[in-house]
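Here's protein_31.txt, which has compact mmCIF, C-alpha atoms:
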# COMPACT_ATOMS: atom_id res chain seq x y z
CA MET A 1 90.38 141.25 58.81
CA LEU A 2 91.17 140.85 62.51
CA ILE A 3 89.97 144.37 63.27
CA ALA A 4 86.82 143.78 61.20
CA ALA A 5 86.13 140.57 63.15
CA ALA A 6 86.63 142.40 66.47
CA ILE A 7 84.32 145.21 65.27
CA LEU A 8 81.55 142.71 64.50
CA ALA A 9 81.98 141.09 67.92
CA ILE A 10 81.83 144.40 69.79
CA PHE A 11 78.82 145.48 67.69
CA VAL A 12 77.02 142.31 68.79
CA TYR A 13 77.98 143.06 72.38
CA GLY A 14 76.58 146.59 72.01
CA MET A 15 73.28 145.13 70.82
CA ILE A 16 73.01 142.74 73.78
CA ALA A 17 74.11 145.45 76.25
CA ALA A 18 71.04 147.45 75.22
CA MET A 19 68.84 144.35 74.98
CA LEU A 20 67.59 144.12 78.55
CA GLY A 21 66.61 147.79 78.82
CA THR A 22 64.84 147.54 75.46
CA ILE A 23 62.82 144.39 76.13
CA LEU A 24 62.19 145.02 79.84
CA PRO A 25 58.93 147.00 79.34
CA ASP A 26 57.53 144.18 77.15
CA LEU A 27 58.69 141.45 79.54
CA SER A 28 57.30 143.38 82.52
CA LYS A 29 53.88 143.57 80.86
CA ARG A 30 53.83 139.91 79.82
CA PHE A 31 54.97 138.51 83.16
CA ASN A 32 53.83 141.29 85.58
CA LEU A 33 57.39 141.96 86.72
CA THR A 34 58.08 144.54 89.45
CA PRO A 35 61.09 146.90 89.47
CA LYS A 36 62.65 144.68 92.12
CA GLN A 37 62.35 141.64 89.84
CA ASN A 38 63.77 143.75 86.98
CA GLY A 39 66.78 144.43 89.19
CA ASN A 40 67.22 140.72 89.95
CA ILE A 41 67.09 139.89 86.24
CA ALA A 42 69.80 142.48 85.59
CA MET A 43 71.83 140.97 88.44
CA ALA A 44 71.61 137.51 86.81
CA GLN A 45 73.12 138.96 83.63
CA ALA A 46 75.80 140.68 85.71
CA ILE A 47 76.72 137.43 87.46
CA GLY A 48 77.25 135.84 84.06
CA LEU A 49 79.44 138.73 82.99
CA ILE A 50 81.49 138.44 86.19
CA ILE A 51 82.04 134.69 85.89
CA ALA A 52 83.06 134.98 82.24
CA SER A 53 85.42 137.92 82.60
CA VAL A 54 87.31 136.60 85.61
CA SER A 55 87.83 133.16 84.05
CA VAL A 56 88.30 133.86 80.34
CA GLY A 57 91.44 136.03 80.65
CA PRO A 58 93.86 133.20 81.57
CA LEU A 59 92.10 130.95 79.04
CA MET A 60 92.77 133.38 76.19
CA ASP A 61 96.31 134.21 77.35
CA ASN A 62 97.17 130.51 77.14
CA GLN A 63 94.78 129.06 74.50
CA GLY A 64 94.25 132.06 72.22
CA LYS A 65 91.62 134.72 71.68
CA LYS A 66 89.80 132.74 68.99
CA VAL A 67 88.77 130.15 71.58
CA GLY A 68 87.27 132.84 73.81
CA LEU A 69 85.50 134.75 71.04
CA VAL A 70 83.95 131.67 69.45
CA LEU A 71 82.82 130.41 72.87
CA GLY A 72 81.31 133.79 73.80
CA LEU A 73 79.43 134.24 70.52
CA GLY A 74 78.07 130.71 70.76
CA LEU A 75 76.69 131.33 74.26
CA VAL A 76 75.06 134.61 73.19
CA ALA A 77 73.39 132.99 70.18
CA LEU A 78 72.07 130.15 72.37
CA ALA A 79 70.69 132.60 74.96
CA LEU A 80 68.96 134.79 72.37
CA PHE A 81 67.36 131.85 70.56
CA SER A 82 66.10 130.55 73.94
CA LEU A 83 64.90 133.79 75.59
CA PRO A 84 61.66 134.16 73.55
CA LYS A 85 60.61 130.70 74.79
CA SER A 86 60.69 131.81 78.43
CA ARG A 87 57.63 130.88 80.48
CA GLY A 88 58.30 132.99 83.53
CA TYR A 89 60.57 135.07 85.72
CA ARG A 90 63.00 132.27 86.66
CA GLN A 91 63.59 131.14 83.08
CA ILE A 92 64.27 134.74 82.06
CA MET A 93 66.93 134.93 84.77
CA VAL A 94 68.58 131.72 83.51
CA TYR A 95 68.77 132.98 79.92
CA LEU A 96 70.07 136.39 81.03
CA LEU A 97 72.77 134.60 83.04
CA LEU A 98 73.75 132.75 79.85
CA LEU A 99 73.69 136.02 77.89
CA GLY A 100 76.02 137.53 80.48
CA LEU A 101 78.45 134.62 80.23
CA GLY A 102 78.69 135.08 76.48
CA GLY A 103 78.83 138.88 76.64
CA GLY A 104 81.64 138.94 79.21
CA THR A 105 83.69 136.57 77.07
CA ILE A 106 83.14 138.64 73.91
CA VAL A 107 84.04 142.00 75.43
CA THR A 108 87.26 140.69 77.01
CA GLY A 109 88.31 138.87 73.84
CA ALA A 110 87.57 141.67 71.37
CA ASN A 111 89.22 144.40 73.46
CA THR A 112 92.32 142.29 74.17
CA LEU A 113 92.68 141.39 70.48
CA VAL A 114 92.56 145.03 69.39
CA SER A 115 94.78 146.11 72.29
CA ASP A 116 97.49 143.84 70.88
CA ILE A 117 96.96 144.94 67.27
CA GLY A 118 96.97 148.68 67.99
CA ALA A 119 99.62 148.85 70.70
CA GLU A 120 101.25 152.04 69.36
CA ARG A 121 98.06 154.13 69.70
CA ARG A 122 96.12 151.87 71.99
CA ALA A 123 93.68 154.40 73.50
CA MET A 124 92.71 155.83 70.10
CA VAL A 125 92.30 152.41 68.45
CA MET A 126 90.25 151.01 71.33
CA ASN A 127 87.93 154.01 71.28
CA PHE A 128 87.48 153.41 67.55
CA LEU A 129 86.62 149.76 68.25
CA ASN A 130 84.13 150.66 70.96
CA LEU A 131 82.49 153.18 68.65
CA PHE A 132 80.78 150.06 67.25
CA PHE A 133 79.58 149.17 70.74
CA GLY A 134 77.71 152.48 70.64
CA LEU A 135 76.38 151.65 67.18
CA GLY A 136 75.10 148.30 68.42
CA GLY A 137 73.55 149.97 71.45
CA LEU A 138 71.83 152.47 69.17
CA ALA A 139 70.56 149.75 66.82
CA THR A 140 68.74 147.62 69.41
CA PRO A 141 66.19 150.13 70.77
CA PHE A 142 65.88 151.89 67.38
CA ILE A 143 65.04 148.67 65.53
CA SER A 144 62.67 147.59 68.30
CA ALA A 145 60.77 150.89 68.38
CA ASN A 146 60.63 151.69 64.66
CA LEU A 147 60.85 148.40 62.74
CA LEU A 148 59.66 145.58 65.01
CA GLY A 149 56.78 147.23 66.85
CA ARG A 150 58.51 146.75 70.22
CA ASN A 151 58.21 142.98 69.81
CA SER A 152 60.86 141.43 72.06
CA THR A 153 60.59 137.99 70.43
CA ARG A 154 61.46 139.22 66.94
CA LEU A 155 64.24 141.41 68.33
CA CYS A 156 65.85 138.42 70.09
CA TYR A 157 65.70 136.26 66.99
CA LEU A 158 67.10 139.00 64.74
CA THR A 159 70.04 139.57 67.08
CA ALA A 160 70.59 135.82 67.44
CA VAL A 161 70.91 135.41 63.66
CA LEU A 162 73.44 138.26 63.49
CA THR A 163 75.40 136.69 66.36
CA ALA A 164 75.46 133.31 64.62
CA ALA A 165 76.82 134.95 61.43
CA THR A 166 79.51 136.69 63.48
CA LEU A 167 80.40 133.36 65.09
CA ILE A 168 81.04 131.83 61.66
CA ILE A 169 83.29 134.76 60.70
CA HIS A 170 85.36 134.39 63.88
CA PHE A 171 85.64 130.65 63.41
CA THR A 172 87.27 131.19 60.00
CA ALA A 173 89.26 134.38 60.83
CA PRO A 174 93.09 134.04 61.05
CA ILE A 175 93.27 135.06 64.71
CA PRO A 176 96.86 134.29 65.79
CA PRO A 177 97.46 131.70 68.51
CA PRO A 178 99.17 132.68 71.80
CA THR A 179 102.95 133.06 71.59
CA GLY A 180 103.67 131.75 75.08
CA ALA A 181 105.91 134.73 75.94
CA ARG A 182 102.92 136.85 76.94
CA GLY A 183 100.82 134.11 78.44
CA PHE A 184 99.70 134.04 82.04
CA GLN A 185 101.92 132.12 84.47
CA LEU A 186 100.79 131.37 88.01
CA SER A 187 104.11 132.72 89.32
CA GLN A 188 103.16 136.17 87.97
CA ALA A 189 99.96 136.33 89.99
CA GLY A 190 101.52 137.99 93.03
CA GLU A 191 103.15 140.79 91.03
CA LEU A 192 99.99 141.36 88.98
CA LEU A 193 97.62 141.41 91.95
CA GLY A 194 99.99 143.56 94.00
CA HIS A 195 100.06 146.41 91.49
CA PRO A 196 97.96 149.33 92.88
CA ALA A 197 97.12 150.58 89.38
CA LEU A 198 95.26 147.32 88.68
CA TRP A 199 92.88 147.86 91.58
CA LEU A 200 92.37 151.57 90.92
CA LEU A 201 91.54 150.82 87.28
CA ALA A 202 89.24 148.05 88.48
CA LEU A 203 87.48 150.44 90.87
CA LEU A 204 87.16 153.06 88.12
CA LEU A 205 85.46 150.55 85.83
CA PHE A 206 83.29 149.28 88.70
CA LEU A 207 81.86 152.77 89.17
CA TYR A 208 81.62 153.52 85.46
CA VAL A 209 79.80 150.35 84.40
CA ALA A 210 77.39 150.71 87.33
CA ALA A 211 76.48 154.15 85.96
CA GLU A 212 76.40 153.28 82.26
CA VAL A 213 74.37 150.09 82.57
CA GLY A 214 72.07 151.91 84.96
CA VAL A 215 71.13 154.11 82.00
CA TRP A 216 70.79 151.18 79.56
CA ASN A 217 68.60 149.13 81.90
CA TRP A 218 66.48 151.79 83.60
CA LEU A 219 66.17 154.89 81.41
CA VAL A 220 63.18 153.67 79.38
CA ARG A 221 61.22 152.64 82.47
CA HIS A 222 62.07 155.94 84.15
CA LEU A 223 60.91 158.00 81.15
CA ILE A 224 57.67 156.02 80.92
CA ALA A 225 57.07 156.73 84.62
CA GLN A 226 57.50 160.46 83.85
CA GLY A 227 54.67 160.30 81.31
CA ILE A 228 56.67 159.79 78.10
CA ASP A 229 55.22 157.10 75.82
CA GLU A 230 57.21 153.89 75.31
CA LYS A 231 58.12 154.43 71.64
CA ARG A 232 59.48 157.93 72.34
CA ALA A 233 61.35 156.64 75.41
CA LEU A 234 63.04 153.93 73.33
CA ASN A 235 64.04 156.51 70.73
CA ILE A 236 65.50 158.73 73.46
CA LEU A 237 67.63 155.76 74.58
CA SER A 238 68.64 154.99 70.99
CA LEU A 239 68.94 158.39 69.29
CA GLY A 240 69.92 160.12 72.52
CA PHE A 241 72.16 158.05 74.79
CA ALA A 242 73.46 155.48 72.28
CA LEU A 243 73.98 158.10 69.57
CA GLY A 244 75.83 160.29 72.07
CA MET A 245 78.20 157.43 72.85
CA LEU A 246 78.71 156.81 69.15
CA VAL A 247 79.50 160.45 68.38
CA GLY A 248 81.64 160.75 71.51
CA ARG A 249 83.93 157.90 70.50
CA VAL A 250 84.39 159.39 67.04
CA ALA A 251 85.22 162.78 68.55
CA VAL A 252 87.57 161.57 71.28
CA ALA A 253 89.83 159.38 69.12
CA PRO A 254 91.93 162.28 67.71
CA ILE A 255 91.94 164.00 71.11
CA LEU A 256 93.70 160.98 72.63
CA ILE A 257 96.67 161.52 70.30
CA THR A 258 97.70 164.58 72.33
CA VAL A 259 95.75 164.33 75.62
CA SER A 260 96.53 161.64 78.19
CA PRO A 261 93.98 158.89 78.93
CA GLN A 262 93.92 159.96 82.59
CA THR A 263 92.86 163.51 81.69
CA VAL A 264 90.21 162.34 79.24
CA THR A 265 88.62 160.02 81.82
CA LEU A 266 88.74 162.74 84.52
CA VAL A 267 86.88 165.27 82.36
CA ALA A 268 84.42 162.56 81.31
CA ALA A 269 83.59 161.70 84.96
CA ILE A 270 82.89 165.36 85.80
CA LEU A 271 80.59 165.73 82.79
CA MET A 272 78.84 162.44 83.62
CA ALA A 273 77.85 163.76 87.04
CA ALA A 274 76.34 166.93 85.54
CA THR A 275 74.51 165.35 82.61
CA THR A 276 72.98 162.37 84.44
CA CYS A 277 71.70 164.71 87.15
CA LEU A 278 70.09 166.96 84.52
CA ALA A 279 68.52 164.00 82.69
CA LEU A 280 66.65 162.98 85.86
CA GLN A 281 65.20 166.45 86.52
CA THR A 282 62.96 166.87 83.46
CA ARG A 283 59.73 165.48 82.05
CA ALA A 284 60.04 167.26 78.71
CA PRO A 285 61.02 164.74 76.00
CA GLY A 286 63.19 167.26 74.12
CA VAL A 287 65.15 168.27 77.21
CA ALA A 288 65.46 164.63 78.25
CA TRP A 289 66.86 163.75 74.82
CA GLY A 290 69.44 166.56 75.00
CA ALA A 291 70.57 165.65 78.50
CA VAL A 292 70.79 161.94 77.69
CA PHE A 293 72.70 162.65 74.46
CA CYS A 294 75.22 164.71 76.44
CA ALA A 295 75.47 161.93 79.02
CA GLY A 296 76.33 159.53 76.20
CA LEU A 297 79.00 161.95 74.93
CA ALA A 298 80.51 162.13 78.41
CA MET A 299 80.50 158.38 78.99
CA ALA A 300 81.79 157.48 75.52
CA PRO A 301 85.56 157.40 76.18
CA VAL A 302 85.65 155.92 79.68
CA PHE A 303 85.40 152.15 79.11
CA PRO A 304 87.81 151.80 76.14
CA THR A 305 90.24 154.37 77.52
CA ALA A 306 90.38 152.60 80.89
CA LEU A 307 91.10 149.31 79.12
CA ALA A 308 93.78 151.04 77.05
CA MET A 309 95.44 152.11 80.31
CA VAL A 310 95.38 148.45 81.40
CA GLY A 311 97.14 147.49 78.16
CA ASN A 312 99.72 150.25 78.66
CA VAL A 313 100.57 149.18 82.21
CA PHE A 314 100.36 145.38 81.85
CA THR A 315 102.24 144.26 78.74
CA VAL A 316 102.46 140.65 80.02
CA ALA A 317 99.33 138.62 80.87
CA THR A 318 97.30 141.43 79.30
CA ALA A 319 94.08 139.41 78.90
CA THR A 320 94.26 138.32 82.54
CA ALA A 321 94.70 141.90 83.77
CA MET A 322 91.99 143.13 81.42
CA GLY A 323 89.68 140.34 82.54
CA ILE A 324 90.14 141.35 86.21
CA VAL A 325 89.37 145.00 85.46
CA ILE A 326 86.36 144.14 83.28
CA THR A 327 85.11 141.75 85.96
CA SER A 328 85.14 144.63 88.42
CA GLY A 329 82.95 146.54 85.98
CA TRP A 330 80.42 143.72 85.88
CA ILE A 331 80.41 143.60 89.68
CA GLY A 332 79.36 147.25 89.47
CA LEU A 333 76.46 146.19 87.27
CA ALA A 334 75.52 143.43 89.72
CA VAL A 335 75.49 145.87 92.64
CA SER A 336 73.84 148.90 91.04
CA SER A 337 70.82 147.25 89.39
CA PRO A 338 69.49 145.52 92.54
CA VAL A 339 70.17 148.69 94.55
CA ILE A 340 68.22 150.81 92.06
CA GLY A 341 65.41 148.24 91.98
CA ALA A 342 65.32 148.01 95.79
CA ILE A 343 65.15 151.80 96.22
CA ALA A 344 62.33 152.00 93.66
CA GLY A 345 60.57 149.04 95.29
CA GLU A 346 57.15 148.29 93.82
CA ASP A 347 56.57 151.85 92.54
CA PRO A 348 58.05 152.78 89.12
CA ALA A 349 57.54 156.46 90.00
CA ARG A 350 60.33 156.13 92.59
CA LEU A 351 62.88 155.32 89.90
CA LYS A 352 63.70 159.02 89.68
CA LYS A 353 64.95 158.96 93.27
CA ALA A 354 66.69 155.62 92.81
CA LEU A 355 68.57 156.77 89.72
CA LEU A 356 70.25 159.58 91.65
CA VAL A 357 72.91 156.96 92.37
CA LEU A 358 74.18 157.62 88.82
CA PRO A 359 75.58 161.15 89.40
CA GLY A 360 76.84 159.93 92.78
CA LEU A 361 78.85 157.16 91.10
CA SER A 362 80.26 159.69 88.64
CA LEU A 363 81.58 161.89 91.46
CA LEU A 364 83.29 158.89 93.04
CA MET A 365 84.96 158.26 89.65
CA VAL A 366 86.55 161.72 89.89
CA ALA A 367 88.18 160.80 93.21
CA VAL A 368 89.45 157.44 91.91
CA ASN A 369 90.86 159.08 88.79
CA LEU A 370 92.87 161.56 90.87
CA ALA A 371 94.35 158.68 92.92
CA LEU A 372 95.18 156.77 89.73
CA ARG A 373 96.99 159.77 88.24
CA ALA A 374 99.28 159.87 91.28
CA VAL A 375 100.07 156.13 91.01
CA LEU A 376 100.76 156.21 87.27
CA ARG A 377 103.13 159.18 87.65

So, in terms of structure tokens, how does the structure I just supplied come out?
Amino acid sequence: MLIAAAILAIFVYGMIAAMLGTILPDLSKRFNLTPKQNGNIAMAQAIGLIIASVSVGPLMDNQGKKVGLVLGLGLVALALFSLPKSRGYRQIMVYLLLLGLGGGTIVTGANTLVSDIGAERRAMVMNFLNLFFGLGGLATPFISANLLGRNSTRLCYLTAVLTAATLIIHFTAPIPPPTGARGFQLSQAGELLGHPALWLLALLLFLYVAAEVGVWNWLVRHLIAQGIDEKRALNILSLGFALGMLVGRVAVAPILITVSPQTVTLVAAILMAATTCLALQTRAPGVAWGAVFCAGLAMAPVFPTALAMVGNVFTVATATAMGIVITSGWIGLAVSSPVIGAIAGEDPARLKKALLVLPGLSLLMVAVNLALRAVLR
């Protein structure tokens, strides 16, 4: 039941991770938003993610994961019920900040819960959990494009109802309280913060999330700028990128039984650089779908496998360590989206140039991975 509850939570997070990129074309039309404003909206969500992840780890280590998960799901439901009532750019930013606060709490809580449950095969189990992140990410643009007529209001309400149902399940689930032995103590802060592996894992997730969320938030707008219609662009995001992540997490789970997490993330970073570069060089919808699907396959194992490495290294104050590393990932989101929006400026056609930061980030991941391998040895 605990794993099922965590799966539902991470599925909800997958849906809201794809939410902004899915509703951005509709919001941009309704409120005449520029790419720069799109980037600022994404940054507001990232700030919420950062605040939540850096603060919720000690809370859950000491008060329990149920507290964090219920709080996070409640914030997400509130944000999604409120977002359709937005009257302008500033209100959208406020609700995306709230969505980020809830999302950051959910992702830290669900991953820490499953990290504890599946300690013997942590990398495999966490990739299985995050398979449902990919499923949620697939569902959002697919439902919007094919069932809701790209109506952002109905999409928000549908996701809000699902989040509220998940909140009720977590409120009644028998999530164990903290034991005290593994809780975060202030005296441990120096040892935790002085461990080089913590900061290398944090940097790895910083680069990775900047690249992944760059695809979620900007791919549809980029494809539209290349002459691909909005419905097809949303389906490329859903049945290309999100499906690739889903398939990739299914495929990588058995591989992690025999191959080290460091090797899996190294190969993934190399493939990310190649596939994201290819995806930006074509205007043909079929080729774009294939390249984006392969990019999803490449990215699939990185986030859960990096968090599994955190769980392997930090067996005490795990939620605090995981929260620090996840926070670094959200800082990557906060930096990359405004940078992409600033490079594109007022012209959506310049997104192609701006999105070249994605393969660049992937190459930096290769260098960080090599340094991490040396430290962990």

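For stretch 344-360 of chain A, the non-local neighbours within 9 Å, defined as residues at least 5 positions apart in the same chain or in other chains and counting all atoms listed in the file, are Thr34, Pro35, Lys36, Ala210, Ala211, Glu212, Gly214, Val215, Trp218, Leu219, Arg221, His222, Ile224, Ala225, Gln226, Met272, Ala273, Ala274, Thr275, Thr276, Cys277, Leu280, Gln281, Ser336, Val339 and Met365 of chain A.
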
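Separating atom CA of A:Leu96 from atom CA of A:Leu200 is a distance of 28.7 Å.
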
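Checking A:Cys156, A:Ala139, A:Val250, A:Val107 one by one against A:Tyr95, counting all atoms listed in the file, you find the shortest gap at A:Cys156.
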
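Closest approach to A:Gly39 from the set A:Asn217, A:Ser86, A:Thr305, A:Asn62 is made by A:Asn217, with distances taken over all atoms listed in the file.
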
**Q.** Sel. within 12 Å of pt (68.3, 132.9, 85.9), counting all atoms listed in the file, output as number ranges by chain
**A.** A: 37-38, 40-48, 79, 83, 86, 88-101

Q | Top pick for closest residue to A:Ile143, considering A:Ser328, A:Asn235, A:Asn127, A:Ser115 and counting all atoms listed in the file | A | A:Asn235

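Between atom CA of A:Leu372 and atom CA of A:Phe314 there is a distance of 14.8 Å.
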